[in-house]
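Okay, so here's the structure we're looking at.
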Number of protein chains: 2
Amino acid sequence: MDLEARAHAEHPEALRLWLRLLTCTQLIERQLRAALREHFDTTLPRFDLMAQLERVPEGLRMSELSRRLMVTGGNVTGLTDQLVAEGLVERIGVEGDRRVWRVRLTEAGQRAFADMAHAHEQWVVQALEALTPREVDTLHRLLGKVKTHVQTLQGVATPEDIA
Amino acid sequence: MDLEARAHAEHPEALRLWLRLLTCTQLIERQLRAALREHFDTTLPRFDLMAQLERVPEGLRMSELSRRLMVTGGNVTGLTDQLVAEGLVERIGVEGDRRVWRVRLTEAGQRAFADMAHAHEQWVVQALEALTPREVDTLHRLLGKVKTHVQTLQGVATPEDIA
DNA sequence: TATTGTTATACTCTATAACTATA
DNA sequence: TATAGTTATAGAGTATAACAATA
């Protein structure tokens, strides 16, 4: 358990920070995946897709889901197909452009998501409970700088990006 | 590009922090994967395996690599096989126990890793260049608290964990 | 012609479990 | 019997590219 081994060289502080960032994220993500699997028989990408829909009751088109989840269109089709088969989301035609779908949570999907989101939140809170509220704030702010910079580097340009 | 959508509920600060942590890590990791692929035709797990070996010239046994990389044994066998086929690492028998191997970098592997590590470091430095040295320090320290706590929760208990 | 979404396919990464060979 | 490592297999998760329908 020490992924933090890639350190060496001229900027050891930056490298060490990156490796610690990666380790923390992996530890928490692994736990969340396992817990979602165990308690709700679902996966993180499916949870994320539902989380996007939960914020937009009227639904999102496939291309918008693809952009927000940062995955290609084919994957969104696959995830959506699964969730439709389970009755958690539905595709609704958009009048005026018959190529486009709005995807939205069904009522069952809303109920299921509420349960999952509640448990998910508790797992996250537990993982981060070593930090004081002030430290949570500081971390959030500093990571915000990193996020903005990296997005600029990668030319993502998402003014409508929230949080 | 806004994975940071799962927020809501009773502890929105913790959730927001987790989602930002995840977004930052994914953005950087994606870029590193793409760059390793493009410039060195390799992958992050292979790079990580070589990074572990670079610190231990005499080599590590398969089980130790498995522990350090946080993946199961079968995966280490597969990664090692690939790297052996390319002449970057070698398996050496251990006298006294014929079940055990020491895996270590070959000379070619050392040279290849030095190149990759140098480029890798520059990519990381660039991703984190929005932070002052002091902020890098703060982030590293706060994430250290998270890491320790999560490892305790998961019962990992790794006193020999470095960094 | 361009765009939206789907299909087909393949590759990386990972886990589990059965297996071989030593101890 | 227990341990070190391997093999076999399966399933996420993701990407690319060709495709159909519609604009």
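Chain labels follow the order of the structure tokens: the first chain is A, the next B, and so on; residue numbering restarts at 1 in every chain, and ligands are counted from 1 in their shown order.
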
Residues of chain D within 9 Å of chain B, counting only C-alpha atoms (C1' of nucleotides), as a PyMOL selection string: chain D and resi 3-7

Filtering to all heavy atoms, could you give me those residues as a compact mmCIF listing (two decimals), in the first residue's frame?
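Result file is result-v4.txt:
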```txt
# COMPACT_ATOMS: atom_id res chain seq x y z
P DT D 3 -0.08 -19.87 5.34
OP1 DT D 3 0.44 -18.97 6.39
OP2 DT D 3 -1.45 -19.77 4.84
O5' DT D 3 0.90 -19.75 4.11
C5' DT D 3 2.27 -20.05 4.30
C4' DT D 3 2.99 -19.90 2.98
O4' DT D 3 2.65 -21.00 2.11
C3' DT D 3 2.63 -18.62 2.21
O3' DT D 3 3.85 -18.01 1.85
C2' DT D 3 1.83 -19.13 1.02
C1' DT D 3 2.43 -20.50 0.82
N1 DT D 3 1.57 -21.52 0.15
C2 DT D 3 2.11 -22.26 -0.87
O2 DT D 3 3.26 -22.12 -1.25
N3 DT D 3 1.27 -23.17 -1.43
C4 DT D 3 -0.05 -23.42 -1.08
O4 DT D 3 -0.70 -24.27 -1.65
C5 DT D 3 -0.56 -22.60 0.00
C7 DT D 3 -1.97 -22.78 0.45
C6 DT D 3 0.26 -21.70 0.55
P DA D 4 3.85 -16.65 1.00
OP1 DA D 4 4.95 -15.83 1.51
OP2 DA D 4 2.47 -16.13 0.92
O5' DA D 4 4.27 -17.19 -0.44
C5' DA D 4 5.62 -17.56 -0.69
C4' DA D 4 5.86 -17.61 -2.18
O4' DA D 4 5.08 -18.69 -2.72
C3' DA D 4 5.43 -16.35 -2.92
O3' DA D 4 6.44 -15.98 -3.85
C2' DA D 4 4.12 -16.72 -3.60
C1' DA D 4 4.20 -18.24 -3.73
N9 DA D 4 2.93 -18.92 -3.50
C8 DA D 4 2.01 -18.65 -2.52
N7 DA D 4 0.96 -19.44 -2.55
C5 DA D 4 1.20 -20.28 -3.62
C6 DA D 4 0.45 -21.33 -4.18
N6 DA D 4 -0.73 -21.73 -3.71
N1 DA D 4 0.98 -21.97 -5.24
C2 DA D 4 2.17 -21.56 -5.73
N3 DA D 4 2.96 -20.58 -5.28
C4 DA D 4 2.40 -19.98 -4.22
P DG D 5 6.30 -14.68 -4.72
OP1 DG D 5 7.63 -14.26 -5.17
OP2 DG D 5 5.40 -13.74 -4.02
O5' DG D 5 5.54 -15.27 -5.98
C5' DG D 5 6.22 -16.23 -6.80
C4' DG D 5 5.24 -16.89 -7.73
O4' DG D 5 4.15 -17.44 -6.97
C3' DG D 5 4.58 -15.97 -8.76
O3' DG D 5 5.16 -16.26 -10.02
C2' DG D 5 3.11 -16.31 -8.69
C1' DG D 5 3.07 -17.59 -7.86
N9 DG D 5 1.85 -17.80 -7.10
C8 DG D 5 1.40 -17.07 -6.03
N7 DG D 5 0.25 -17.51 -5.57
C5 DG D 5 -0.07 -18.57 -6.39
C6 DG D 5 -1.20 -19.44 -6.39
O6 DG D 5 -2.17 -19.42 -5.61
N1 DG D 5 -1.13 -20.39 -7.39
C2 DG D 5 -0.09 -20.50 -8.30
N2 DG D 5 -0.19 -21.46 -9.19
N3 DG D 5 0.97 -19.70 -8.31
C4 DG D 5 0.91 -18.77 -7.34
P DT D 6 4.58 -15.68 -11.39
OP1 DT D 6 5.67 -15.78 -12.39
OP2 DT D 6 3.93 -14.40 -11.13
O5' DT D 6 3.46 -16.73 -11.80
C5' DT D 6 3.85 -18.07 -12.08
C4' DT D 6 2.66 -18.84 -12.63
O4' DT D 6 1.62 -18.91 -11.62
C3' DT D 6 2.02 -18.20 -13.86
O3' DT D 6 2.06 -19.19 -14.89
C2' DT D 6 0.60 -17.83 -13.43
C1' DT D 6 0.36 -18.72 -12.23
N1 DT D 6 -0.51 -18.18 -11.16
C2 DT D 6 -1.68 -18.84 -10.86
O2 DT D 6 -2.05 -19.84 -11.45
N3 DT D 6 -2.41 -18.29 -9.84
C4 DT D 6 -2.09 -17.18 -9.09
O4 DT D 6 -2.82 -16.79 -8.18
C5 DT D 6 -0.86 -16.52 -9.46
C7 DT D 6 -0.42 -15.30 -8.72
C6 DT D 6 -0.13 -17.06 -10.46
P DT D 7 1.57 -18.83 -16.37
OP1 DT D 7 2.30 -19.74 -17.27
OP2 DT D 7 1.59 -17.38 -16.55
O5' DT D 7 0.04 -19.30 -16.35
C5' DT D 7 -0.26 -20.64 -16.01
C4' DT D 7 -1.76 -20.83 -15.99
O4' DT D 7 -2.33 -20.19 -14.82
C3' DT D 7 -2.51 -20.26 -17.20
O3' DT D 7 -3.29 -21.32 -17.73
C2' DT D 7 -3.36 -19.13 -16.62
C1' DT D 7 -3.54 -19.55 -15.17
N1 DT D 7 -3.71 -18.46 -14.18
C2 DT D 7 -4.72 -18.53 -13.27
O2 DT D 7 -5.54 -19.45 -13.26
N3 DT D 7 -4.78 -17.50 -12.37
C4 DT D 7 -3.92 -16.43 -12.29
O4 DT D 7 -4.05 -15.56 -11.43
C5 DT D 7 -2.87 -16.40 -13.28
C7 DT D 7 -1.89 -15.28 -13.28
C6 DT D 7 -2.81 -17.41 -14.16
```

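For His149 (chain A), the residues within 8 Å (counting only C-alpha atoms (C1' of nucleotides), excluding itself and residues fewer than 6 positions away along the chain) are Ala127, Leu128 and Ala130 of chain B.
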
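Counting from CA of Thr23 (chain A), the distance to CA of Val124 (chain A) is 15.5 Å.
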
Residue list (strand (DSSP E), DSSP) for chain B, as a PyMOL selection string: chain B and resi 89-93+101-105

Gln26 (chain A) environment, 10 Å, only C-alpha atoms (C1' of nucleotides), sequence neighbours closer than 4 positions dropped, as a PyMOL selection string: (chain A and resi 20-22+30-32) or (chain B and resi 22+25+70)

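Within 9 Å of chain A, and counting only C-alpha atoms (C1' of nucleotides), chain C contributes DT3, DT4, DG5, DT6 and DT7 of chain C.
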
Write a file of the just-selected residues containing N, CA and C atoms (P, O5', C5', C4', C3', O3' and C1' of nucleotides), as a PDB file, in the first residue's frame.
```pdb
ATOM      1  P    DT C   3     -21.468  19.511 -37.455  1.00  0.00           P
ATOM      2  O5'  DT C   3     -22.703  18.676 -36.898  1.00  0.00           O
ATOM      3  C5'  DT C   3     -23.976  19.289 -36.861  1.00  0.00           C
ATOM      4  C4'  DT C   3     -24.947  18.368 -36.173  1.00  0.00           C
ATOM      5  C3'  DT C   3     -24.420  17.771 -34.870  1.00  0.00           C
ATOM      6  O3'  DT C   3     -25.463  17.891 -33.917  1.00  0.00           O
ATOM      7  C1'  DT C   3     -25.175  16.048 -36.288  1.00  0.00           C
ATOM      8  P    DT C   4     -25.266  17.455 -32.398  1.00  0.00           P
ATOM      9  O5'  DT C   4     -26.143  16.138 -32.332  1.00  0.00           O
ATOM     10  C5'  DT C   4     -27.564  16.218 -32.399  1.00  0.00           C
ATOM     11  C4'  DT C   4     -28.119  14.829 -32.180  1.00  0.00           C
ATOM     12  C3'  DT C   4     -27.583  14.143 -30.922  1.00  0.00           C
ATOM     13  O3'  DT C   4     -28.686  13.765 -30.110  1.00  0.00           O
ATOM     14  C1'  DT C   4     -27.326  12.734 -32.830  1.00  0.00           C
ATOM     15  P    DG C   5     -28.485  13.212 -28.610  1.00  0.00           P
ATOM     16  O5'  DG C   5     -28.315  11.658 -28.890  1.00  0.00           O
ATOM     17  C5'  DG C   5     -29.432  10.963 -29.461  1.00  0.00           C
ATOM     18  C4'  DG C   5     -28.972   9.657 -30.068  1.00  0.00           C
ATOM     19  C3'  DG C   5     -28.374   8.642 -29.087  1.00  0.00           C
ATOM     20  O3'  DG C   5     -29.308   7.575 -28.949  1.00  0.00           O
ATOM     21  C1'  DG C   5     -27.218   8.699 -31.169  1.00  0.00           C
ATOM     22  P    DT C   6     -28.974   6.252 -28.125  1.00  0.00           P
ATOM     23  O5'  DT C   6     -28.370   5.290 -29.240  1.00  0.00           O
ATOM     24  C5'  DT C   6     -29.192   4.927 -30.340  1.00  0.00           C
ATOM     25  C4'  DT C   6     -28.474   3.896 -31.193  1.00  0.00           C
ATOM     26  C3'  DT C   6     -28.025   2.653 -30.431  1.00  0.00           C
ATOM     27  O3'  DT C   6     -28.603   1.549 -31.089  1.00  0.00           O
ATOM     28  C1'  DT C   6     -26.235   3.537 -31.736  1.00  0.00           C
ATOM     29  P    DT C   7     -28.421   0.072 -30.490  1.00  0.00           P
ATOM     30  O5'  DT C   7     -27.166  -0.495 -31.304  1.00  0.00           O
ATOM     31  C5'  DT C   7     -27.210  -0.494 -32.719  1.00  0.00           C
ATOM     32  C4'  DT C   7     -25.882  -0.983 -33.268  1.00  0.00           C
ATOM     33  C3'  DT C   7     -25.321  -2.244 -32.598  1.00  0.00           C
ATOM     34  O3'  DT C   7     -25.100  -3.189 -33.628  1.00  0.00           O
ATOM     35  C1'  DT C   7     -23.651  -0.565 -32.727  1.00  0.00           C
TER      36       DT C   7
END
```

Separation of CA of Ile28 (chain B) from C1' of DT9 (chain C), in Å and rounded to one decimal: 27.6 Å

Residue list (helix (DSSP H, G or I), DSSP) for region 1-152 of chain B, as JSON, numbers by chain: {"B": [12, 13, 14, 15, 16, 17, 18, 19, 20, 21, 22, 23, 24, 25, 26, 27, 28, 29, 30, 31, 32, 33, 34, 35, 36, 37, 38, 39, 40, 44, 45, 46, 47, 48, 49, 50, 51, 52, 53, 54, 62, 63, 64, 65, 66, 67, 68, 69, 73, 74, 75, 76, 77, 78, 79, 80, 81, 82, 83, 84, 85, 107, 108, 109, 110, 111, 112, 113, 114, 115, 116, 117, 118, 119, 120, 121, 122, 123, 124, 125, 126, 127, 133, 134, 135, 136, 137, 138, 139, 140, 141, 142, 143, 144, 145, 146, 147, 148, 149, 150, 151, 152]}

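CA of Met116 (chain A) lies 20.6 Å from CA of Glu58 (chain A).
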
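The closest residue to chain B, picked from A:Thr80, A:Gln52, A:Thr152, A:Thr72 and counting only C-alpha atoms, is A:Gln52.
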
Closest contacts (region 19-90 of chain A/region 8-22 of chain D, max 9 Å, only C-alpha atoms (C1' of nucleotides)) as a Markdown table:
```
| residue | atom | partner | partner_atom | distance |
| --- | --- | --- | --- | --- |
| A:Thr43 | CA | D:DA12 | C1' | 8.6 |
| A:Pro45 | CA | D:DG13 | C1' | 8.6 |
| A:Val71 | CA | D:DT14 | C1' | 7.6 |
| A:Thr72 | CA | D:DA15 | C1' | 7.5 |
| A:Asn75 | CA | D:DT14 | C1' | 7.7 |
```

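If only C-alpha atoms are the atoms counted, then among A:Arg111, A:Arg33, A:Arg91, A:Arg68 the closest residue to chain B is A:Arg68.
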
Selection: 12 Å around Val103 (chain B), only C-alpha atoms (C1' of nucleotides), excl. self and same-chain fewer than 6 positions, as a PDB file with N, CA, C and O atoms, in the first residue's frame:
```pdb
ATOM      1  N   LEU B  49       4.661  -0.071 -11.602  1.00  0.00           N
ATOM      2  CA  LEU B  49       5.444  -1.253 -11.242  1.00  0.00           C
ATOM      3  C   LEU B  49       6.943  -0.948 -11.365  1.00  0.00           C
ATOM      4  O   LEU B  49       7.737  -1.242 -10.457  1.00  0.00           O
ATOM      5  N   MET B  50       7.309  -0.313 -12.450  1.00  0.00           N
ATOM      6  CA  MET B  50       8.719   0.018 -12.638  1.00  0.00           C
ATOM      7  C   MET B  50       9.183   1.012 -11.572  1.00  0.00           C
ATOM      8  O   MET B  50      10.330   0.932 -11.095  1.00  0.00           O
ATOM      9  N   GLN B  52       8.202   1.178  -8.516  1.00  0.00           N
ATOM     10  CA  GLN B  52       8.483   0.441  -7.287  1.00  0.00           C
ATOM     11  C   GLN B  52       9.853  -0.212  -7.374  1.00  0.00           C
ATOM     12  O   GLN B  52      10.618  -0.212  -6.398  1.00  0.00           O
ATOM     13  N   LEU B  53      10.159  -0.785  -8.529  1.00  0.00           N
ATOM     14  CA  LEU B  53      11.430  -1.495  -8.664  1.00  0.00           C
ATOM     15  C   LEU B  53      12.615  -0.529  -8.653  1.00  0.00           C
ATOM     16  O   LEU B  53      13.692  -0.875  -8.165  1.00  0.00           O
ATOM     17  N   GLU B  54      12.382   0.649  -9.172  1.00  0.00           N
ATOM     18  CA  GLU B  54      13.492   1.592  -9.265  1.00  0.00           C
ATOM     19  C   GLU B  54      14.054   1.934  -7.892  1.00  0.00           C
ATOM     20  O   GLU B  54      15.238   2.243  -7.746  1.00  0.00           O
ATOM     21  N   VAL B  56      14.304  -0.084  -5.416  1.00  0.00           N
ATOM     22  CA  VAL B  56      14.852  -1.256  -4.748  1.00  0.00           C
ATOM     23  C   VAL B  56      15.685  -2.041  -5.761  1.00  0.00           C
ATOM     24  O   VAL B  56      15.194  -2.972  -6.377  1.00  0.00           O
ATOM     25  N   PRO B  57      16.936  -1.644  -5.927  1.00  0.00           N
ATOM     26  CA  PRO B  57      17.757  -2.231  -7.000  1.00  0.00           C
ATOM     27  C   PRO B  57      17.830  -3.744  -6.941  1.00  0.00           C
ATOM     28  O   PRO B  57      17.902  -4.394  -7.984  1.00  0.00           O
ATOM     29  N   GLU B  58      17.812  -4.312  -5.751  1.00  0.00           N
ATOM     30  CA  GLU B  58      17.911  -5.762  -5.670  1.00  0.00           C
ATOM     31  C   GLU B  58      16.608  -6.451  -6.057  1.00  0.00           C
ATOM     32  O   GLU B  58      16.584  -7.679  -6.215  1.00  0.00           O
ATOM     33  N   GLY B  59      15.541  -5.681  -6.195  1.00  0.00           N
ATOM     34  CA  GLY B  59      14.292  -6.269  -6.668  1.00  0.00           C
ATOM     35  C   GLY B  59      13.303  -6.586  -5.570  1.00  0.00           C
ATOM     36  O   GLY B  59      13.625  -6.563  -4.385  1.00  0.00           O
ATOM     37  N   LEU B  60      12.074  -6.859  -5.997  1.00  0.00           N
ATOM     38  CA  LEU B  60      10.995  -7.184  -5.068  1.00  0.00           C
ATOM     39  C   LEU B  60      10.348  -8.487  -5.497  1.00  0.00           C
ATOM     40  O   LEU B  60      10.295  -8.809  -6.677  1.00  0.00           O
ATOM     41  N   ARG B  61       9.805  -9.216  -4.535  1.00  0.00           N
ATOM     42  CA  ARG B  61       9.084 -10.425  -4.909  1.00  0.00           C
ATOM     43  C   ARG B  61       7.670 -10.065  -5.364  1.00  0.00           C
ATOM     44  O   ARG B  61       7.150  -8.992  -5.077  1.00  0.00           O
ATOM     45  N   MET B  62       7.053 -10.973  -6.066  1.00  0.00           N
ATOM     46  CA  MET B  62       5.732 -10.745  -6.632  1.00  0.00           C
ATOM     47  C   MET B  62       4.731 -10.316  -5.562  1.00  0.00           C
ATOM     48  O   MET B  62       3.948  -9.390  -5.751  1.00  0.00           O
ATOM     49  N   SER B  63       4.750 -10.985  -4.429  1.00  0.00           N
ATOM     50  CA  SER B  63       3.771 -10.683  -3.391  1.00  0.00           C
ATOM     51  C   SER B  63       3.944  -9.267  -2.855  1.00  0.00           C
ATOM     52  O   SER B  63       2.972  -8.589  -2.526  1.00  0.00           O
ATOM     53  N   GLU B  64       5.196  -8.819  -2.784  1.00  0.00           N
ATOM     54  CA  GLU B  64       5.459  -7.476  -2.291  1.00  0.00           C
ATOM     55  C   GLU B  64       4.991  -6.433  -3.316  1.00  0.00           C
ATOM     56  O   GLU B  64       4.410  -5.405  -2.957  1.00  0.00           O
ATOM     57  N   LEU B  65       5.190  -6.703  -4.587  1.00  0.00           N
ATOM     58  CA  LEU B  65       4.679  -5.812  -5.634  1.00  0.00           C
ATOM     59  C   LEU B  65       3.157  -5.732  -5.558  1.00  0.00           C
ATOM     60  O   LEU B  65       2.569  -4.657  -5.683  1.00  0.00           O
ATOM     61  N   SER B  66       2.551  -6.878  -5.356  1.00  0.00           N
ATOM     62  CA  SER B  66       1.103  -6.927  -5.255  1.00  0.00           C
ATOM     63  C   SER B  66       0.611  -6.040  -4.114  1.00  0.00           C
ATOM     64  O   SER B  66      -0.317  -5.247  -4.275  1.00  0.00           O
ATOM     65  N   VAL B  76      -0.234  -8.778 -11.183  1.00  0.00           N
ATOM     66  CA  VAL B  76       1.203  -8.530 -11.152  1.00  0.00           C
ATOM     67  C   VAL B  76       1.909  -9.499 -12.099  1.00  0.00           C
ATOM     68  O   VAL B  76       2.836  -9.122 -12.816  1.00  0.00           O
ATOM     69  N   THR B  77       1.461 -10.731 -12.115  1.00  0.00           N
ATOM     70  CA  THR B  77       2.029 -11.699 -13.050  1.00  0.00           C
ATOM     71  C   THR B  77       1.895 -11.196 -14.481  1.00  0.00           C
ATOM     72  O   THR B  77       2.862 -11.210 -15.254  1.00  0.00           O
ATOM     73  N   LEU B  79       1.381  -8.055 -15.660  1.00  0.00           N
ATOM     74  CA  LEU B  79       2.192  -6.868 -15.925  1.00  0.00           C
ATOM     75  C   LEU B  79       3.662  -7.249 -16.046  1.00  0.00           C
ATOM     76  O   LEU B  79       4.376  -6.788 -16.940  1.00  0.00           O
ATOM     77  N   THR B  80       4.107  -8.091 -15.122  1.00  0.00           N
ATOM     78  CA  THR B  80       5.512  -8.506 -15.137  1.00  0.00           C
ATOM     79  C   THR B  80       5.845  -9.249 -16.424  1.00  0.00           C
ATOM     80  O   THR B  80       6.888  -9.013 -17.043  1.00  0.00           O
ATOM     81  N   ASP B  81       4.956 -10.132 -16.845  1.00  0.00           N
ATOM     82  CA  ASP B  81       5.175 -10.861 -18.094  1.00  0.00           C
ATOM     83  C   ASP B  81       5.405  -9.902 -19.266  1.00  0.00           C
ATOM     84  O   ASP B  81       6.319 -10.094 -20.072  1.00  0.00           O
ATOM     85  N   LEU B  83       6.450  -6.794 -19.178  1.00  0.00           N
ATOM     86  CA  LEU B  83       7.696  -6.044 -19.040  1.00  0.00           C
ATOM     87  C   LEU B  83       8.911  -6.939 -19.282  1.00  0.00           C
ATOM     88  O   LEU B  83       9.920  -6.495 -19.823  1.00  0.00           O
ATOM     89  N   VAL B  84       8.790  -8.203 -18.888  1.00  0.00           N
ATOM     90  CA  VAL B  84       9.868  -9.157 -19.171  1.00  0.00           C
ATOM     91  C   VAL B  84      10.009  -9.343 -20.682  1.00  0.00           C
ATOM     92  O   VAL B  84      11.111  -9.323 -21.229  1.00  0.00           O
ATOM     93  N   LEU B  88      12.462  -5.097 -20.040  1.00  0.00           N
ATOM     94  CA  LEU B  88      12.591  -3.985 -19.090  1.00  0.00           C
ATOM     95  C   LEU B  88      12.765  -4.465 -17.651  1.00  0.00           C
ATOM     96  O   LEU B  88      13.344  -3.756 -16.826  1.00  0.00           O
ATOM     97  N   VAL B  89      12.257  -5.635 -17.332  1.00  0.00           N
ATOM     98  CA  VAL B  89      12.473  -6.205 -16.003  1.00  0.00           C
ATOM     99  C   VAL B  89      12.860  -7.673 -16.170  1.00  0.00           C
ATOM    100  O   VAL B  89      12.686  -8.258 -17.240  1.00  0.00           O
ATOM    101  N   GLU B  90      13.369  -8.255 -15.102  1.00  0.00           N
ATOM    102  CA  GLU B  90      13.713  -9.668 -15.152  1.00  0.00           C
ATOM    103  C   GLU B  90      13.331 -10.352 -13.845  1.00  0.00           C
ATOM    104  O   GLU B  90      13.304  -9.737 -12.789  1.00  0.00           O
ATOM    105  N   ARG B  91      13.002 -11.637 -13.959  1.00  0.00           N
ATOM    106  CA  ARG B  91      12.714 -12.455 -12.781  1.00  0.00           C
ATOM    107  C   ARG B  91      13.978 -13.230 -12.426  1.00  0.00           C
ATOM    108  O   ARG B  91      14.569 -13.876 -13.287  1.00  0.00           O
ATOM    109  N   ILE B  92      14.332 -13.180 -11.144  1.00  0.00           N
ATOM    110  CA  ILE B  92      15.529 -13.879 -10.706  1.00  0.00           C
ATOM    111  C   ILE B  92      15.153 -14.814  -9.566  1.00  0.00           C
ATOM    112  O   ILE B  92      14.481 -14.406  -8.615  1.00  0.00           O
ATOM    113  N   GLY B  93      15.576 -16.061  -9.665  1.00  0.00           N
ATOM    114  CA  GLY B  93      15.240 -17.033  -8.629  1.00  0.00           C
ATOM    115  C   GLY B  93      15.911 -16.681  -7.303  1.00  0.00           C
ATOM    116  O   GLY B  93      16.967 -16.065  -7.267  1.00  0.00           O
ATOM    117  N   VAL B  94      15.261 -17.056  -6.232  1.00  0.00           N
ATOM    118  CA  VAL B  94      15.791 -16.795  -4.902  1.00  0.00           C
ATOM    119  C   VAL B  94      16.275 -18.111  -4.327  1.00  0.00           C
ATOM    120  O   VAL B  94      15.516 -19.077  -4.254  1.00  0.00           O
ATOM    121  N   GLY B 109      15.719  -1.371 -18.611  1.00  0.00           N
ATOM    122  CA  GLY B 109      14.575  -0.894 -17.845  1.00  0.00           C
ATOM    123  C   GLY B 109      14.919   0.348 -17.035  1.00  0.00           C
ATOM    124  O   GLY B 109      14.116   1.275 -16.932  1.00  0.00           O
TER     125      GLY B 109
END
```

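Close contacts of Leu142 (chain B), defined as residues with an atom at most 9 Å away when counting only C-alpha atoms (C1' of nucleotides), with chain neighbours fewer than 4 positions off set aside, comprise Leu131, Glu135, Val136, Thr138 and Leu139 of chain A; Asp137, Thr138, Val146 and Lys147 of chain B.
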
Given the selection you just returned, output its residues as a file containing C-alpha atoms, formatted as an mmCIF file, in the first residue's frame.
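New file part.cif:
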```cif
data_model
loop_
_atom_site.group_PDB
_atom_site.id
_atom_site.type_symbol
_atom_site.label_atom_id
_atom_site.label_comp_id
_atom_site.auth_asym_id
_atom_site.auth_seq_id
_atom_site.Cartn_x
_atom_site.Cartn_y
_atom_site.Cartn_z
ATOM 1 C CA LEU A 131 -10.690 16.896 8.810
ATOM 2 C CA GLU A 135 -9.655 22.044 6.710
ATOM 3 C CA VAL A 136 -12.404 20.783 4.443
ATOM 4 C CA THR A 138 -9.119 24.824 2.658
ATOM 5 C CA LEU A 139 -8.795 21.601 0.726
ATOM 6 C CA ASP B 137 2.626 21.712 1.515
ATOM 7 C CA THR B 138 -0.765 22.368 3.038
ATOM 8 C CA VAL B 146 -7.320 11.778 5.080
ATOM 9 C CA LYS B 147 -5.082 8.975 3.927
#
```
